[in-house]
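What follows is a short report on a single structure.
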Amino acid sequence: MDSFEPNGNGNDDSLPPPPPPPEVPPNVVPVKAEELPPEPVKKKPSRVPIARRGLGSKGSKLQLLTNHFKVDVNNKDGHFFHYSVALFYEDGRPVEGKGVGRKVIDRVQETYSSELAGKDFAYDGEKSLFTVGALPRNKLEFTVVLEDIISNSRNNGNCSPDGHGSPNEGDRKRMRRPNRAKTFKVEISFAAKIPMQAIANALRGQETENFQEAIRVLDIILRQNAAKKGCLLVRQSFFHNDPMNFADVGGGVLGCRGFHSSFRTTQSGLSLNIDVSTTMIIQPGPVVDFLIANQNVRDPYSLDWNKAKKTLKNLRITTSPSNQEYKICGLSELPCRQQTFTLKGKGGDESAEEITVFDYFSKYRNIELRYSADMPCINVGKPKRPTYFPIELCSLVSLQRYTKALTTLQRASLVEKSRQKPQERMRVLSDVLKVSKYDSDPLLQSCAVRINTGFTQVDGRVLPAPRLKFGNGEEFNPRNGRWNFNNKTFAQPTKIERWAVANFSARCDVKSLVKDLTRCAGNKGIQIDPPFDVFEESPQFRRAPPMVRVDKMFEDIQSKLPGAPQFLLCLLPERKNCDIYGPWKKKNLADFGIINQCMCPQRVNDQYLTNVLLKINAKLGGINSFLSVEKTPSIPIVSKAPTIILGMDVSHGSPGQTDIPSIAAVVSSRQWPLISKYRACVRTQSPKVEMIDNLFKPVGEKEDEGIIRELLVDFYQSSGNRKPDNIIIFRDGVSESQFTQVLNIELSQIIEACKFLDEQWNPKFVVIVAQKNHHTKFFQNGSPDNVPPGTIIDNKICHPRNYDFYLCAHAGMIGTTRPTHYHVLLDEIGFSADDLQELVHSLSYVYQRSTTAISVVAPVCYAHLAATQLGQFLKFEDRSDTSSHGGQSSASGGGAVPQLPPLQENVCNSMFFC
């Protein structure tokens, strides 16, 4: 674009031309290029996260407790020995099914204890096994016999519905079958030697690959400890089979409360981080009860069996009366009363008879079936060799994970039922440590690891809230992270002139609503003219598909309005998950370029209308409130030189949705020296890919279609034709293992985008990762309240080398506050610890949608909002339609990724996502 000219020419802050090349001294004979030896190819050094430069000191001091428990490692000269494990069946086939490994290895230890020198194992359940000290030999082979506990197949030549033979010998075989044995061959081979000293080195800030492996061994020991207690293991979280920990969230789904545990290196040594954790499980018990709840029907006769077949596949059941465990393969095609099979008698084929499953159980097994005669049977065999059970004899086993996305109601119920006040959480965590009995674990004892039971004490500081500016020059100091607009006006109110109402809600009194909205807006300084018209949805379209309803509404609007309105207010029939929302947003933003606001006119009062006006004012270019230091301007470093702030996030489809593209969003600040106004750029990319791959996308010598160019040009145009000297990046949603990728992939693309615009331009970068998905919590000793807003911790439990800190910017009103964990990966600008922490804290107060400090910086929240809102565009689109906007290769080689339709230019620079 013309705004950025090559080499900075024409810009009032362009860099000076490069110095001329040095002259060759007269006594040096220049060497011709061809005479020089070829230079070795230099590999570009990989960027790594920077080390901590100091601790902050601002704020009032506060003593806190945290859910980190100090770990003493006294065997620093010892070694863990890593062995590879290979499991085979008797015929040489490798064992691929999960779950059997632990049983086999346990049997190896029981059977061959002397050959293993009595060693205890830390086994990960798959292919790795660890011991303290070496096993007698580098390669060991064993054969063990294991009873077949879960049956998925039938005896050869046995065609009875439940895997049993003729009726006369059925009971005898049923008693014998659980003990049917399988033989396994086990190979254990030496792989590596891991010094425990690596842990001590890491605590001094010298991390090595050995350290990661040593910590992994300790984590595996805890997993094994939980596995032996019959827990469900989900990564580093453990869930006991205790109904006291179950909470029904509806739909046949339970929230199961357990605990997370992981070892962490900290400034004060090694610690064990233990926290409450929740996973979703299938409601155990009769299969029919689960299906009725899952499909929300009154009785089993109303069930959709096609849906049930998909839901039940691969779940584990026990059957009555044998209590034998099986895995579900599918459902029978015919109901129990009609589904037949060949029952073989003692005389072989001559005495075989064709019989229904119902008759077999009622006549030969003397089991009265009360309601399942007209329902499909459960198949626990194979599709071509079925084994059938009547559904009423089947019960779902406990602790089976439910991995589908929760509905809005289920999620709300889960949040409600899993809340814990700080003191309750502390009590639960103390109980977990007592029940786990880690001190008596033989492996922890043999490597001299001891876990203290007391919460770690840390030094916190409470930063003062930044002063806010409202309309008419009024200023205010937020109290407890909150403020309101009672008797206040917006800092920069907008004016709404050409607008209309689209009403999809049949029961709404629109006239009264518009009157209340206009009155409330006037009190906040916004002048609203009467709407041009109110467009009511025709009753005949209320049951039509969402896209049809939106199209019909727009046909009506276009036929009556003289031109595109400045603003549209949309009244939705449902408050949550309304199907109209996605098509409506696409129509407004991508097709017509109209700023719009959706609302559901239920329980409307002045507080609700004020919250709606906060969004409307921000979308139309106004500012509700901003930091006093923005206008002074006196933000350290940021106010002194043009500075752009970026927020980056990637949202992915729900679990199991592998075909839904991921949505990458980057928001950028504009109108420097403000840090309260932003715009967004959103793109799709390959499913489940976390790194953003569209930051820099050159399509020719002079064109770059990447995200960053678009945002930099906007900053330049909105900030008095100034290029940013400083670029501060907040990245959400990446784990510690991905930090180097952020620095070496994403930051490299951003630098390339800058160089593409101006080769001589060298802005300075700060890269900060914001993590919410962690398990560190803070408590006030003896107080029932959460930590106060503005609480910051950068000592004791923070990383021994890296630059990180925890910040609770918001007031936790419900449950236990979850701090945001900030990791500073790069700082070329040179912020002091206090200045950087104060900037991060202040950015939690510029979120225009609310009148509270938020838990993570506003740019990150905005990026998440933008990705979520535009992701709705694809929700109701046909795949062929979305891919017509130009494809992009999937990173996994899975073909083109559907593209989002471009937004109209007049909404691109707005805070449409607010």
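In the structure tokens, the first chain shown is A, the next is B, and so on; residue numbers restart at 1 for each chain, and ligands run from 1 in the order shown.
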Mind listing the strand (DSSP E or B) residues of region 228-431 of chain A, per DSSP on the backbone, as a short mmCIF file (atom, residue, chain, number, x, y, z; two decimals) with N, CA and C atoms, in the first residue's frame?
```
data_model
loop_
_atom_site.label_atom_id
_atom_site.label_comp_id
_atom_site.auth_asym_id
_atom_site.auth_seq_id
_atom_site.Cartn_x
_atom_site.Cartn_y
_atom_site.Cartn_z
N LEU A 232 -9.72 -43.40 36.79
CA LEU A 232 -9.68 -43.03 35.38
C LEU A 232 -8.55 -42.02 35.21
N LEU A 233 -7.64 -42.26 34.26
CA LEU A 233 -6.51 -41.37 34.03
C LEU A 233 -6.78 -40.54 32.78
N VAL A 234 -6.72 -39.22 32.91
CA VAL A 234 -6.85 -38.33 31.77
C VAL A 234 -5.66 -37.38 31.81
N SER A 237 -4.54 -35.92 35.15
CA SER A 237 -5.65 -35.83 36.11
C SER A 237 -6.17 -37.23 36.41
N PHE A 238 -6.64 -37.42 37.65
CA PHE A 238 -7.06 -38.73 38.12
C PHE A 238 -8.47 -38.63 38.71
N PHE A 239 -9.32 -39.62 38.40
CA PHE A 239 -10.72 -39.57 38.82
C PHE A 239 -11.12 -40.89 39.47
N PHE A 246 -19.63 -37.25 41.60
CA PHE A 246 -20.39 -37.11 40.36
C PHE A 246 -21.44 -36.00 40.48
N ALA A 247 -21.61 -35.24 39.42
CA ALA A 247 -22.66 -34.21 39.38
C ALA A 247 -23.39 -34.34 38.05
N ASP A 248 -24.70 -34.56 38.12
CA ASP A 248 -25.51 -34.73 36.91
C ASP A 248 -25.70 -33.37 36.23
N VAL A 249 -25.25 -33.28 34.96
CA VAL A 249 -25.41 -32.02 34.22
C VAL A 249 -26.45 -32.15 33.12
N GLY A 250 -27.17 -33.28 33.09
CA GLY A 250 -28.23 -33.47 32.10
C GLY A 250 -27.76 -34.22 30.87
N VAL A 253 -25.15 -37.23 31.11
CA VAL A 253 -23.74 -36.89 31.29
C VAL A 253 -23.50 -36.43 32.72
N LEU A 254 -22.41 -36.89 33.31
CA LEU A 254 -22.04 -36.49 34.66
C LEU A 254 -20.72 -35.72 34.63
N GLY A 255 -20.63 -34.70 35.47
CA GLY A 255 -19.33 -34.09 35.72
C GLY A 255 -18.67 -34.89 36.82
N CYS A 256 -17.46 -35.36 36.57
CA CYS A 256 -16.76 -36.18 37.54
C CYS A 256 -15.59 -35.37 38.10
N ARG A 257 -15.60 -35.14 39.40
CA ARG A 257 -14.53 -34.34 40.01
C ARG A 257 -13.38 -35.23 40.44
N GLY A 258 -12.18 -34.85 40.05
CA GLY A 258 -10.99 -35.57 40.45
C GLY A 258 -9.92 -34.56 40.81
N PHE A 259 -8.66 -34.92 40.55
CA PHE A 259 -7.60 -33.96 40.84
C PHE A 259 -6.48 -34.07 39.81
N HIS A 260 -5.82 -32.96 39.60
CA HIS A 260 -4.67 -32.86 38.70
C HIS A 260 -3.41 -32.82 39.55
N SER A 261 -2.34 -33.46 39.09
CA SER A 261 -1.06 -33.33 39.79
C SER A 261 0.07 -33.31 38.77
N SER A 262 1.01 -32.41 38.97
CA SER A 262 2.19 -32.35 38.09
C SER A 262 3.34 -31.72 38.85
N PHE A 263 4.54 -32.21 38.57
CA PHE A 263 5.74 -31.66 39.20
C PHE A 263 6.19 -30.42 38.43
N ARG A 264 6.61 -29.39 39.16
CA ARG A 264 7.04 -28.13 38.55
C ARG A 264 8.37 -27.69 39.17
N THR A 265 9.27 -27.20 38.33
CA THR A 265 10.48 -26.57 38.87
C THR A 265 10.17 -25.11 39.16
N THR A 266 10.54 -24.65 40.33
CA THR A 266 10.25 -23.28 40.74
C THR A 266 11.48 -22.64 41.35
N GLY A 269 12.56 -24.42 44.48
CA GLY A 269 12.81 -25.85 44.39
C GLY A 269 11.75 -26.58 43.59
N LEU A 270 11.76 -27.92 43.71
CA LEU A 270 10.76 -28.73 43.00
C LEU A 270 9.47 -28.71 43.81
N SER A 271 8.34 -28.56 43.12
CA SER A 271 7.05 -28.60 43.83
C SER A 271 6.08 -29.49 43.08
N LEU A 272 5.10 -29.99 43.82
CA LEU A 272 4.01 -30.76 43.23
C LEU A 272 2.77 -29.87 43.22
N ASN A 273 2.27 -29.58 42.03
CA ASN A 273 1.09 -28.75 41.86
C ASN A 273 -0.14 -29.66 41.83
N ILE A 274 -1.00 -29.53 42.84
CA ILE A 274 -2.22 -30.35 42.91
C ILE A 274 -3.43 -29.44 42.87
N ASP A 275 -4.41 -29.78 42.04
CA ASP A 275 -5.59 -28.94 41.91
C ASP A 275 -6.80 -29.82 41.64
N VAL A 276 -7.97 -29.28 41.89
CA VAL A 276 -9.21 -29.97 41.54
C VAL A 276 -9.36 -29.96 40.02
N SER A 277 -9.84 -31.07 39.48
CA SER A 277 -10.01 -31.20 38.03
C SER A 277 -11.37 -31.84 37.76
N THR A 278 -11.92 -31.58 36.60
CA THR A 278 -13.24 -32.15 36.25
C THR A 278 -13.19 -32.72 34.83
N THR A 279 -13.78 -33.88 34.66
CA THR A 279 -13.97 -34.43 33.32
C THR A 279 -15.42 -34.88 33.19
N MET A 280 -15.83 -35.14 31.97
CA MET A 280 -17.22 -35.55 31.74
C MET A 280 -17.26 -37.06 31.51
N ILE A 281 -18.21 -37.72 32.16
CA ILE A 281 -18.35 -39.17 31.99
C ILE A 281 -19.80 -39.52 31.65
N ILE A 282 -19.95 -40.71 31.07
CA ILE A 282 -21.28 -41.26 30.77
C ILE A 282 -21.95 -41.70 32.08
N GLY A 285 -24.90 -47.28 34.75
CA GLY A 285 -26.19 -47.90 35.08
C GLY A 285 -26.89 -48.42 33.84
N PRO A 286 -28.17 -48.75 33.93
CA PRO A 286 -28.90 -49.34 32.79
C PRO A 286 -28.75 -48.50 31.50
N ARG A 316 -18.43 -49.51 27.12
CA ARG A 316 -18.30 -50.79 27.82
C ARG A 316 -19.53 -51.02 28.70
N ILE A 317 -19.98 -52.26 28.70
CA ILE A 317 -21.15 -52.63 29.51
C ILE A 317 -20.85 -53.89 30.30
N THR A 318 -21.64 -54.10 31.35
CA THR A 318 -21.70 -55.41 32.01
C THR A 318 -23.08 -55.98 31.75
N THR A 319 -23.17 -57.31 31.69
CA THR A 319 -24.46 -57.95 31.40
C THR A 319 -24.94 -58.71 32.62
N GLN A 324 -20.47 -60.15 33.33
CA GLN A 324 -19.35 -60.17 32.37
C GLN A 324 -19.25 -58.81 31.68
N GLU A 325 -18.03 -58.36 31.39
CA GLU A 325 -17.84 -57.04 30.76
C GLU A 325 -17.54 -57.20 29.27
N TYR A 326 -18.18 -56.33 28.46
CA TYR A 326 -18.01 -56.35 27.00
C TYR A 326 -17.90 -54.92 26.47
N LYS A 327 -17.47 -54.82 25.20
CA LYS A 327 -17.50 -53.54 24.50
C LYS A 327 -18.58 -53.59 23.44
N GLY A 330 -22.44 -52.57 18.28
CA GLY A 330 -23.53 -51.92 17.57
C GLY A 330 -24.87 -52.42 18.09
N LEU A 331 -25.92 -52.27 17.30
CA LEU A 331 -27.25 -52.73 17.66
C LEU A 331 -27.74 -53.71 16.58
N SER A 332 -28.65 -54.59 16.98
CA SER A 332 -29.22 -55.53 16.00
C SER A 332 -30.15 -54.78 15.05
N GLU A 333 -30.29 -55.32 13.84
CA GLU A 333 -31.17 -54.70 12.84
C GLU A 333 -32.64 -54.86 13.24
N LEU A 334 -32.97 -56.03 13.86
CA LEU A 334 -34.35 -56.33 14.20
C LEU A 334 -34.54 -56.24 15.72
N PRO A 335 -35.78 -56.07 16.18
CA PRO A 335 -36.02 -56.07 17.63
C PRO A 335 -35.78 -57.45 18.22
N THR A 340 -33.15 -63.38 15.16
CA THR A 340 -32.87 -64.81 15.34
C THR A 340 -31.38 -65.10 15.25
N PHE A 341 -31.02 -66.27 15.74
CA PHE A 341 -29.65 -66.79 15.61
C PHE A 341 -29.75 -68.31 15.64
N THR A 342 -28.66 -68.98 15.28
CA THR A 342 -28.65 -70.45 15.25
C THR A 342 -28.10 -70.95 16.58
N LEU A 343 -28.91 -71.67 17.32
CA LEU A 343 -28.49 -72.24 18.61
C LEU A 343 -28.09 -73.70 18.37
N LYS A 344 -26.84 -74.00 18.63
CA LYS A 344 -26.36 -75.37 18.41
C LYS A 344 -26.59 -76.22 19.64
N GLY A 345 -27.04 -77.43 19.43
CA GLY A 345 -27.24 -78.38 20.52
C GLY A 345 -26.06 -79.31 20.64
N GLY A 348 -24.51 -81.26 17.40
CA GLY A 348 -23.89 -80.51 16.31
C GLY A 348 -24.93 -79.91 15.39
N ASP A 349 -24.62 -79.92 14.07
CA ASP A 349 -25.50 -79.26 13.10
C ASP A 349 -26.90 -79.88 13.05
N GLU A 350 -26.98 -81.25 13.32
CA GLU A 350 -28.29 -81.89 13.21
C GLU A 350 -29.28 -81.34 14.22
N SER A 351 -28.79 -81.01 15.43
CA SER A 351 -29.72 -80.57 16.48
C SER A 351 -29.79 -79.05 16.59
N ALA A 352 -29.13 -78.31 15.67
CA ALA A 352 -29.16 -76.84 15.71
C ALA A 352 -30.57 -76.36 15.39
N GLU A 353 -30.95 -75.26 16.05
CA GLU A 353 -32.27 -74.68 15.78
C GLU A 353 -32.17 -73.17 15.66
N GLU A 354 -33.08 -72.61 14.87
CA GLU A 354 -33.16 -71.15 14.71
C GLU A 354 -34.10 -70.63 15.79
N ILE A 355 -33.63 -69.65 16.56
CA ILE A 355 -34.41 -69.17 17.70
C ILE A 355 -34.23 -67.67 17.84
N THR A 356 -35.24 -67.00 18.38
CA THR A 356 -35.09 -65.56 18.60
C THR A 356 -34.35 -65.32 19.91
N PRO A 376 -34.13 -53.00 19.80
CA PRO A 376 -32.94 -53.69 19.28
C PRO A 376 -32.13 -54.32 20.41
N CYS A 377 -31.35 -55.32 20.07
CA CYS A 377 -30.42 -55.93 21.03
C CYS A 377 -29.07 -55.22 20.94
N ILE A 378 -28.31 -55.33 22.00
CA ILE A 378 -26.94 -54.82 22.01
C ILE A 378 -26.03 -55.90 21.41
N ASN A 379 -25.21 -55.52 20.43
CA ASN A 379 -24.26 -56.45 19.82
C ASN A 379 -22.88 -56.21 20.42
N TYR A 388 -25.53 -61.16 20.76
CA TYR A 388 -26.61 -60.25 21.15
C TYR A 388 -27.01 -60.40 22.62
N PHE A 389 -27.34 -59.27 23.23
CA PHE A 389 -27.96 -59.25 24.55
C PHE A 389 -29.18 -58.34 24.51
N CYS A 394 -28.35 -54.97 30.08
CA CYS A 394 -27.04 -54.31 29.89
C CYS A 394 -26.95 -53.03 30.73
N SER A 395 -25.82 -52.87 31.41
CA SER A 395 -25.57 -51.67 32.20
C SER A 395 -24.22 -51.08 31.82
N LEU A 396 -24.18 -49.77 31.70
CA LEU A 396 -22.93 -49.09 31.35
C LEU A 396 -21.98 -49.08 32.54
N ARG A 401 -15.41 -41.88 29.67
CA ARG A 401 -15.39 -40.46 29.32
C ARG A 401 -16.42 -40.12 28.25
#
```
Give me, as a PyMOL selection string, all polymer residues having an atom no more than 8 Å from region 358-374 of chain A, counting only C-alpha atoms and skipping those fewer than 3 positions away in the same chain. chain A and resi 167+335-339+355+390-392
Quick one: write out the picked residues with N, CA and C atoms as a PDB file, in the first residue's frame?
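Output below, filename result_6.pdb:
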```pdb
ATOM      1  N   PRO A 167     -28.045 -74.689  25.832  1.00  0.00           N
ATOM      2  CA  PRO A 167     -28.646 -74.293  27.104  1.00  0.00           C
ATOM      3  C   PRO A 167     -28.226 -75.151  28.279  1.00  0.00           C
ATOM      4  N   PRO A 335     -35.784 -56.073  16.177  1.00  0.00           N
ATOM      5  CA  PRO A 335     -36.017 -56.071  17.627  1.00  0.00           C
ATOM      6  C   PRO A 335     -35.775 -57.445  18.224  1.00  0.00           C
ATOM      7  N   CYS A 336     -35.618 -57.460  19.539  1.00  0.00           N
ATOM      8  CA  CYS A 336     -35.280 -58.681  20.277  1.00  0.00           C
ATOM      9  C   CYS A 336     -36.267 -59.824  19.985  1.00  0.00           C
ATOM     10  N   ARG A 337     -37.548 -59.484  19.827  1.00  0.00           N
ATOM     11  CA  ARG A 337     -38.586 -60.493  19.591  1.00  0.00           C
ATOM     12  C   ARG A 337     -38.430 -61.165  18.223  1.00  0.00           C
ATOM     13  N   GLN A 338     -37.782 -60.452  17.259  1.00  0.00           N
ATOM     14  CA  GLN A 338     -37.660 -60.981  15.893  1.00  0.00           C
ATOM     15  C   GLN A 338     -36.231 -61.379  15.519  1.00  0.00           C
ATOM     16  N   GLN A 339     -35.227 -60.901  16.257  1.00  0.00           N
ATOM     17  CA  GLN A 339     -33.838 -61.181  15.898  1.00  0.00           C
ATOM     18  C   GLN A 339     -33.505 -62.637  16.199  1.00  0.00           C
ATOM     19  N   ILE A 355     -33.631 -69.653  16.562  1.00  0.00           N
ATOM     20  CA  ILE A 355     -34.410 -69.172  17.701  1.00  0.00           C
ATOM     21  C   ILE A 355     -34.227 -67.666  17.839  1.00  0.00           C
ATOM     22  N   PRO A 390     -30.285 -58.725  25.168  1.00  0.00           N
ATOM     23  CA  PRO A 390     -31.412 -57.790  25.300  1.00  0.00           C
ATOM     24  C   PRO A 390     -30.947 -56.532  26.041  1.00  0.00           C
ATOM     25  N   ILE A 391     -31.433 -55.393  25.636  1.00  0.00           N
ATOM     26  CA  ILE A 391     -30.909 -54.130  26.141  1.00  0.00           C
ATOM     27  C   ILE A 391     -31.156 -53.951  27.638  1.00  0.00           C
ATOM     28  N   GLU A 392     -32.230 -54.563  28.155  1.00  0.00           N
ATOM     29  CA  GLU A 392     -32.514 -54.348  29.583  1.00  0.00           C
ATOM     30  C   GLU A 392     -31.592 -55.148  30.493  1.00  0.00           C
TER      31      GLU A 392
END
```
List the spatial neighbours of Gln420 (chain A) as a PyMOL selection string - criterion: any atom at most 7 Å away, only C-alpha atoms, same-chain residues fewer than 4 positions off excluded. chain A and resi 424-425+815-816
For Pro763 (chain A), which of A:Leu561, A:Val132, A:Leu315, A:Leu712 is the closest residue, counting only C-alpha atoms?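 Nearest candidate to Pro763 (chain A) out of A:Leu561, A:Val132, A:Leu315, A:Leu712: A:Leu712.
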List the spatial neighbours of region 455-457 of chain A as JSON, numbers by chain - criterion: any atom at most 8 Å away, only C-alpha atoms, same-chain residues fewer than 3 positions off excluded. {"A": [63, 64, 65, 66, 67, 68, 69, 70]}
Pairwise distance for CA of Ile528 (chain A) and CA of Gln597 (chain A), rounded to one decimal in Å: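 Rounded to one decimal, the two atoms are 14.4 Å apart.
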Point-to-point distance from CA of Lys777 (chain A) to CA of Ser735 (chain A), Å rounded to tenths: 18.0 Å
Compile the contact shell of Ile727 (chain A) as a ChimeraX atom specification: residues with an atom at most 12 Å away, counting only C-alpha atoms, same-chain residues fewer than 3 positions apart removed. /A:637-638,641-647,668-669,708,711-712,715,723-724,730,747,750-751,754,762-768,826-829
Counting only C-alpha atoms, what is within 7 Å of region 868-874 of chain A, bar same-chain residues fewer than 6 positions away, as a ChimeraX atom specification? /A:582-583,586,663,913
Limited to N, CA and C atoms, could you put the picked residues into a file as a PDB file, in the first residue's frame?
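The resulting part.pdb:
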```pdb
ATOM      1  N   GLY A 582     -25.471 -16.728  13.519  1.00  0.00           N
ATOM      2  CA  GLY A 582     -24.394 -16.834  12.529  1.00  0.00           C
ATOM      3  C   GLY A 582     -24.770 -16.270  11.170  1.00  0.00           C
ATOM      4  N   PRO A 583     -25.897 -16.724  10.565  1.00  0.00           N
ATOM      5  CA  PRO A 583     -26.312 -16.168   9.273  1.00  0.00           C
ATOM      6  C   PRO A 583     -26.562 -14.653   9.334  1.00  0.00           C
ATOM      7  N   LYS A 586     -23.175 -12.827   9.326  1.00  0.00           N
ATOM      8  CA  LYS A 586     -22.562 -12.905   7.995  1.00  0.00           C
ATOM      9  C   LYS A 586     -23.243 -11.927   7.036  1.00  0.00           C
ATOM     10  N   ILE A 663      -9.989 -21.233  13.556  1.00  0.00           N
ATOM     11  CA  ILE A 663     -10.147 -19.812  13.242  1.00  0.00           C
ATOM     12  C   ILE A 663      -9.049 -19.037  13.966  1.00  0.00           C
ATOM     13  N   PHE A 913     -16.627  -6.971  16.760  1.00  0.00           N
ATOM     14  CA  PHE A 913     -16.603  -8.168  17.595  1.00  0.00           C
ATOM     15  C   PHE A 913     -16.983  -7.871  19.041  1.00  0.00           C
TER      16      PHE A 913
END
```
Non-local contacts of Ser910 (chain A) (6 Å; only C-alpha atoms; under 2 positions in same chain excluded) as number ranges by chain: A: 619, 679, 907-908, 912
Running DSSP on the backbone, which parts of region 84-134 of chain A land in helix (DSSP H, G or I), as a list in words?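 Going through region 84-134 of chain A, the helix (DSSP H, G or I) residues come out as Val100, Gly101, Arg102, Lys103, Val104, Ile105, Asp106, Arg107, Val108, Gln109, Glu110 and Thr111 of chain A.
Residue nearest Lys61 (chain A), chosen from A:Ala412, A:Val397, A:Val462, A:Val856 and counting only C-alpha atoms: A:Val462.
Closest approach to Gln771 (chain A) among A:Ile814, A:Val860, A:Ile792, A:Val514 is made by A:Val860 (distances from only C-alpha atoms).
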Measuring between only C-alpha atoms, which one of A:Ile188, A:Leu62, A:Val73, A:Cys914 shows the shortest distance to Lys127 (chain A)?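 Checking each candidate against Lys127 (chain A), we get A:Ile188 as the closest.
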